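Trainee: Have a look at this one.
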Amino acid sequence: MSKRSPWFRFVWIAPALVVLLFAVVLVAMAIRSSDAGQQFLADYPGTTALPDGAPVGIPAWVGWQHFLNAFFLLFIVRTGWVIRQGVRPSAFWTRKNDGRLRTKNPPVRIGLPLWFHLSVDALWVLNGVVFVVLLFSTGQWLRIVPTSWEVVPNALSAGLQYASLRWPVEDAWANYNSLQLLSYFATVFVAAPLALVTGIRIAPGLATRLRPLDRVFPTKVARVIHFVVMIYFVAFTVVHVTLVLATGALENLGVMYAASDDAGWAGFWIFAASLVVMAAGWIAARPAVLIAIAGRTGTVRVMPAPPPRATPKA
């Protein structure tokens with residue numbers, strides 16, 4: 001990698017992570033092998049009992065919600081990173097509206113990546129609303145909302161078991177372990193709302209109209225929180241996928257995608273098909289395609305390509 005590459009300053013992260021993970025595993029193994037560690041694991045096995053009346057099993061709607069959430073999040077992170085890098089957009093989009101709306105709410109010109117980001121955001125939020133409605137109407141919320149403080153030490157126990165590379169005994173079909181429960185709760189009820197609130201706060205047009213909030217919730221703070229939440233989603237996805245594949249891929253994928261508690265191949269093939277769809281969407285999301293779609297909802301102005309840099313003479 002060339003030293004001129006913007007990624008050069010991040011090359012130290014990979015070896016640092018390897019060293020950190022190695023140290024964590026060694027410490028976790030030492031704690032687990034100690035008398036105190038053994039007693040802690042005996043007192044807190046890593047799972048808390050579900051409340052009475054909690055449903056058993058994963059309904060099919062969780063599977064397609066899971067796919068849609070991952071699909072939208074892929075493009076949200078992709079466009080969010082492009083926006084944060086400050087790359088000059090190849091095209092700009094302006095909303096179409098009539099004269100009355102133009103007077104009360106004048107249109108704001110935004111770059112094509114931001115238009116794509118906001119458009120996918122809207123679909124992601126809609127999918128999230130449907131998910132939350134189904135979650136509470138079917139009782140599935142009891143599986144991911146803590147109902148006892150016992151979940152905290154049990155989550156620490158599950159984390160210790162994962163870190164020592166001796167996976168906790170679990171059955172996601174019947175009940176998540178406590179660390180899964182807390183991570184899913186944080187993702188659905190903390191990270192997602194934070195992403196929505198901070199996104200609205202810094203959205204073009206809205207940021208100006210919400211300027212009175214600057215004293216209590218400045219846009220700079222909202223941007224930082226928005227970026228941290230994006231990093232959380234990326235980290236959560238990496239850890240989540242890694243553990244799904246490492247702790248029993250066929251069984252876990254069957255639960256997540258095929259709504260089945262057996263270790264058949266149905267969940268794997270649905271998961272593989274979802275990856276193909278995501279890859280196809282990634283390839284299809286080219287500027288020419290996005291410009292054509294954006295043009296149906298507003299006015300798109302394509303910017304001329306910058307002139308090539310002159311080659312210095314020898």
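We name chains A, B, ... following the order of the structure tokens; residues begin at 1 in each chain, and ligands are numbered from 1 as shown.
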Determine which residues of region 120-239 of chain A receive a DSSP assignment of helix (DSSP H, G or I), computed from the backbone, and state them as a ChimeraX atom specification.

Mentor: /A:120-137,140-143,151-163,178-202,206-209,211-215,219-239

Trainee: Restricted to C-alpha atoms, what would the selected residues look like written as a PDB file, in the first residue's frame?

Mentor:
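Okay, this is what ended up in again35.pdb:
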ATOM      1  CA  VAL A 120     -32.483   4.094   2.051  1.00  0.00           C
ATOM      2  CA  ASP A 121     -32.833   5.578   5.535  1.00  0.00           C
ATOM      3  CA  ALA A 122     -36.553   6.056   4.912  1.00  0.00           C
ATOM      4  CA  LEU A 123     -36.948   2.409   3.883  1.00  0.00           C
ATOM      5  CA  TRP A 124     -34.887   1.266   6.865  1.00  0.00           C
ATOM      6  CA  VAL A 125     -37.045   3.276   9.275  1.00  0.00           C
ATOM      7  CA  LEU A 126     -40.234   1.927   7.682  1.00  0.00           C
ATOM      8  CA  ASN A 127     -38.903  -1.607   8.034  1.00  0.00           C
ATOM      9  CA  GLY A 128     -38.001  -0.856  11.645  1.00  0.00           C
ATOM     10  CA  VAL A 129     -41.496   0.416  12.432  1.00  0.00           C
ATOM     11  CA  VAL A 130     -43.006  -2.768  10.983  1.00  0.00           C
ATOM     12  CA  PHE A 131     -40.534  -4.820  13.019  1.00  0.00           C
ATOM     13  CA  VAL A 132     -41.370  -3.082  16.302  1.00  0.00           C
ATOM     14  CA  VAL A 133     -45.120  -3.385  15.685  1.00  0.00           C
ATOM     15  CA  LEU A 134     -44.780  -7.117  15.000  1.00  0.00           C
ATOM     16  CA  LEU A 135     -42.400  -7.491  17.938  1.00  0.00           C
ATOM     17  CA  PHE A 136     -44.936  -6.195  20.455  1.00  0.00           C
ATOM     18  CA  SER A 137     -48.062  -7.598  18.817  1.00  0.00           C
ATOM     19  CA  GLN A 140     -41.521 -11.571  20.695  1.00  0.00           C
ATOM     20  CA  TRP A 141     -40.342  -8.493  22.609  1.00  0.00           C
ATOM     21  CA  LEU A 142     -40.121 -10.697  25.718  1.00  0.00           C
ATOM     22  CA  ARG A 143     -37.160 -12.457  24.099  1.00  0.00           C
ATOM     23  CA  VAL A 151     -29.242 -10.571  32.962  1.00  0.00           C
ATOM     24  CA  VAL A 152     -26.183  -8.428  33.795  1.00  0.00           C
ATOM     25  CA  PRO A 153     -23.968 -11.016  35.558  1.00  0.00           C
ATOM     26  CA  ASN A 154     -25.197 -13.695  33.154  1.00  0.00           C
ATOM     27  CA  ALA A 155     -24.178 -11.480  30.218  1.00  0.00           C
ATOM     28  CA  LEU A 156     -20.712 -11.133  31.771  1.00  0.00           C
ATOM     29  CA  SER A 157     -20.615 -14.913  32.129  1.00  0.00           C
ATOM     30  CA  ALA A 158     -21.570 -15.430  28.472  1.00  0.00           C
ATOM     31  CA  GLY A 159     -18.942 -12.884  27.432  1.00  0.00           C
ATOM     32  CA  LEU A 160     -16.302 -14.713  29.479  1.00  0.00           C
ATOM     33  CA  GLN A 161     -17.255 -17.990  27.822  1.00  0.00           C
ATOM     34  CA  TYR A 162     -17.071 -16.482  24.332  1.00  0.00           C
ATOM     35  CA  ALA A 163     -13.734 -14.794  25.077  1.00  0.00           C
ATOM     36  CA  SER A 178     -27.975 -12.923  28.246  1.00  0.00           C
ATOM     37  CA  LEU A 179     -25.234 -11.279  26.191  1.00  0.00           C
ATOM     38  CA  GLN A 180     -27.265 -11.790  23.015  1.00  0.00           C
ATOM     39  CA  LEU A 181     -30.341 -10.397  24.768  1.00  0.00           C
ATOM     40  CA  LEU A 182     -28.557  -7.208  25.844  1.00  0.00           C
ATOM     41  CA  SER A 183     -26.883  -6.700  22.453  1.00  0.00           C
ATOM     42  CA  TYR A 184     -30.163  -7.151  20.556  1.00  0.00           C
ATOM     43  CA  PHE A 185     -31.947  -4.832  22.989  1.00  0.00           C
ATOM     44  CA  ALA A 186     -29.237  -2.178  22.592  1.00  0.00           C
ATOM     45  CA  THR A 187     -29.360  -2.452  18.802  1.00  0.00           C
ATOM     46  CA  VAL A 188     -33.141  -2.230  18.459  1.00  0.00           C
ATOM     47  CA  PHE A 189     -34.040   0.175  21.259  1.00  0.00           C
ATOM     48  CA  VAL A 190     -30.902   2.316  21.685  1.00  0.00           C
ATOM     49  CA  ALA A 191     -28.695   2.373  18.576  1.00  0.00           C
ATOM     50  CA  ALA A 192     -31.497   2.495  15.988  1.00  0.00           C
ATOM     51  CA  PRO A 193     -33.407   5.370  17.682  1.00  0.00           C
ATOM     52  CA  LEU A 194     -30.122   7.257  18.145  1.00  0.00           C
ATOM     53  CA  ALA A 195     -29.354   6.861  14.434  1.00  0.00           C
ATOM     54  CA  LEU A 196     -32.824   8.173  13.555  1.00  0.00           C
ATOM     55  CA  VAL A 197     -32.794  11.152  15.957  1.00  0.00           C
ATOM     56  CA  THR A 198     -29.272  12.283  15.092  1.00  0.00           C
ATOM     57  CA  GLY A 199     -29.939  11.757  11.375  1.00  0.00           C
ATOM     58  CA  ILE A 200     -32.971  14.030  11.538  1.00  0.00           C
ATOM     59  CA  ARG A 201     -30.989  16.588  13.514  1.00  0.00           C
ATOM     60  CA  ILE A 202     -28.254  16.896  10.870  1.00  0.00           C
ATOM     61  CA  LEU A 206     -34.033  20.304   8.894  1.00  0.00           C
ATOM     62  CA  ALA A 207     -30.759  21.319  10.527  1.00  0.00           C
ATOM     63  CA  THR A 208     -31.541  24.948   9.698  1.00  0.00           C
ATOM     64  CA  ARG A 209     -35.152  24.746  10.831  1.00  0.00           C
ATOM     65  CA  ARG A 211     -31.378  25.657  14.781  1.00  0.00           C
ATOM     66  CA  PRO A 212     -33.016  26.696  18.106  1.00  0.00           C
ATOM     67  CA  LEU A 213     -31.872  23.296  19.428  1.00  0.00           C
ATOM     68  CA  ASP A 214     -28.208  24.216  18.958  1.00  0.00           C
ATOM     69  CA  ARG A 215     -27.845  25.212  22.605  1.00  0.00           C
ATOM     70  CA  THR A 219     -25.324  19.597  15.101  1.00  0.00           C
ATOM     71  CA  LYS A 220     -21.638  18.874  15.758  1.00  0.00           C
ATOM     72  CA  VAL A 221     -22.589  16.632  18.670  1.00  0.00           C
ATOM     73  CA  ALA A 222     -25.294  14.970  16.563  1.00  0.00           C
ATOM     74  CA  ARG A 223     -22.765  14.237  13.799  1.00  0.00           C
ATOM     75  CA  VAL A 224     -20.347  12.628  16.242  1.00  0.00           C
ATOM     76  CA  ILE A 225     -23.073  10.466  17.772  1.00  0.00           C
ATOM     77  CA  HIS A 226     -24.342   9.551  14.294  1.00  0.00           C
ATOM     78  CA  PHE A 227     -20.858   8.407  13.269  1.00  0.00           C
ATOM     79  CA  VAL A 228     -20.322   6.446  16.497  1.00  0.00           C
ATOM     80  CA  VAL A 229     -23.636   4.662  15.954  1.00  0.00           C
ATOM     81  CA  MET A 230     -22.533   3.745  12.430  1.00  0.00           C
ATOM     82  CA  ILE A 231     -19.324   2.255  13.838  1.00  0.00           C
ATOM     83  CA  TYR A 232     -21.421   0.335  16.373  1.00  0.00           C
ATOM     84  CA  PHE A 233     -23.601  -1.170  13.635  1.00  0.00           C
ATOM     85  CA  VAL A 234     -20.526  -2.233  11.655  1.00  0.00           C
ATOM     86  CA  ALA A 235     -18.866  -3.763  14.733  1.00  0.00           C
ATOM     87  CA  PHE A 236     -22.096  -5.487  15.764  1.00  0.00           C
ATOM     88  CA  THR A 237     -22.517  -6.958  12.282  1.00  0.00           C
ATOM     89  CA  VAL A 238     -18.942  -8.267  12.147  1.00  0.00           C
ATOM     90  CA  VAL A 239     -19.165  -9.896  15.586  1.00  0.00           C
TER      91      VAL A 239
END

Trainee: Could you give me, as CSV, a per-residue list for region 65-178 of chain A showing, wherever an atom lies at most 10 Å from an atom of region 268-274 of chain A, the closest pair of atoms and their distance in Å to one decimal, using only C-alpha atoms and sorting by chain then residue number from low to high?

Mentor:
residue,atom,partner,partner_atom,distance
A:Phe67,CA,A:Ser274,CA,6.9
A:Leu68,CA,A:Ser274,CA,9.4
A:Ala70,CA,A:Ser274,CA,9.5
A:Phe71,CA,A:Ser274,CA,8.5

Trainee: Report, in Å to a single decimal, how far apart CA of Ile58 (chain A) and CA of Leu73 (chain A) are.

Mentor: 21.8 Å

Trainee: Using only C-alpha atoms for the distances, tell me which of A:Ala174, A:Val302, A:Val289, A:Ala14 is nearest to Trp93 (chain A).

Mentor: A:Val302

Trainee: Between A:Tyr44, A:Phe22, A:Phe72, A:Trp173, which has the minimum distance to Trp282 (chain A) (counting only C-alpha atoms)?

Mentor: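 Comparing A:Tyr44, A:Phe22, A:Phe72, A:Trp173 against Trp282 (chain A), the winner is A:Phe72.
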
Trainee: Run DSSP on the backbone of this structure and report the residues of region 35-133 of chain A it assigns to strand (DSSP E), as a tab-separated table (two decimals) with C-alpha atoms, in the first residue's frame.

Mentor:
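Saved to part.tsv:
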chain	number	residue	atom	x	y	z
A	91	ALA	CA	-24.59	14.86	-9.38
A	92	PHE	CA	-26.93	16.94	-7.24
A	93	TRP	CA	-30.63	16.41	-6.55
A	94	THR	CA	-33.29	19.01	-5.80
A	95	ARG	CA	-36.79	18.11	-4.66
A	110	ILE	CA	-28.09	17.75	-1.96
A	111	GLY	CA	-25.47	15.45	-3.44
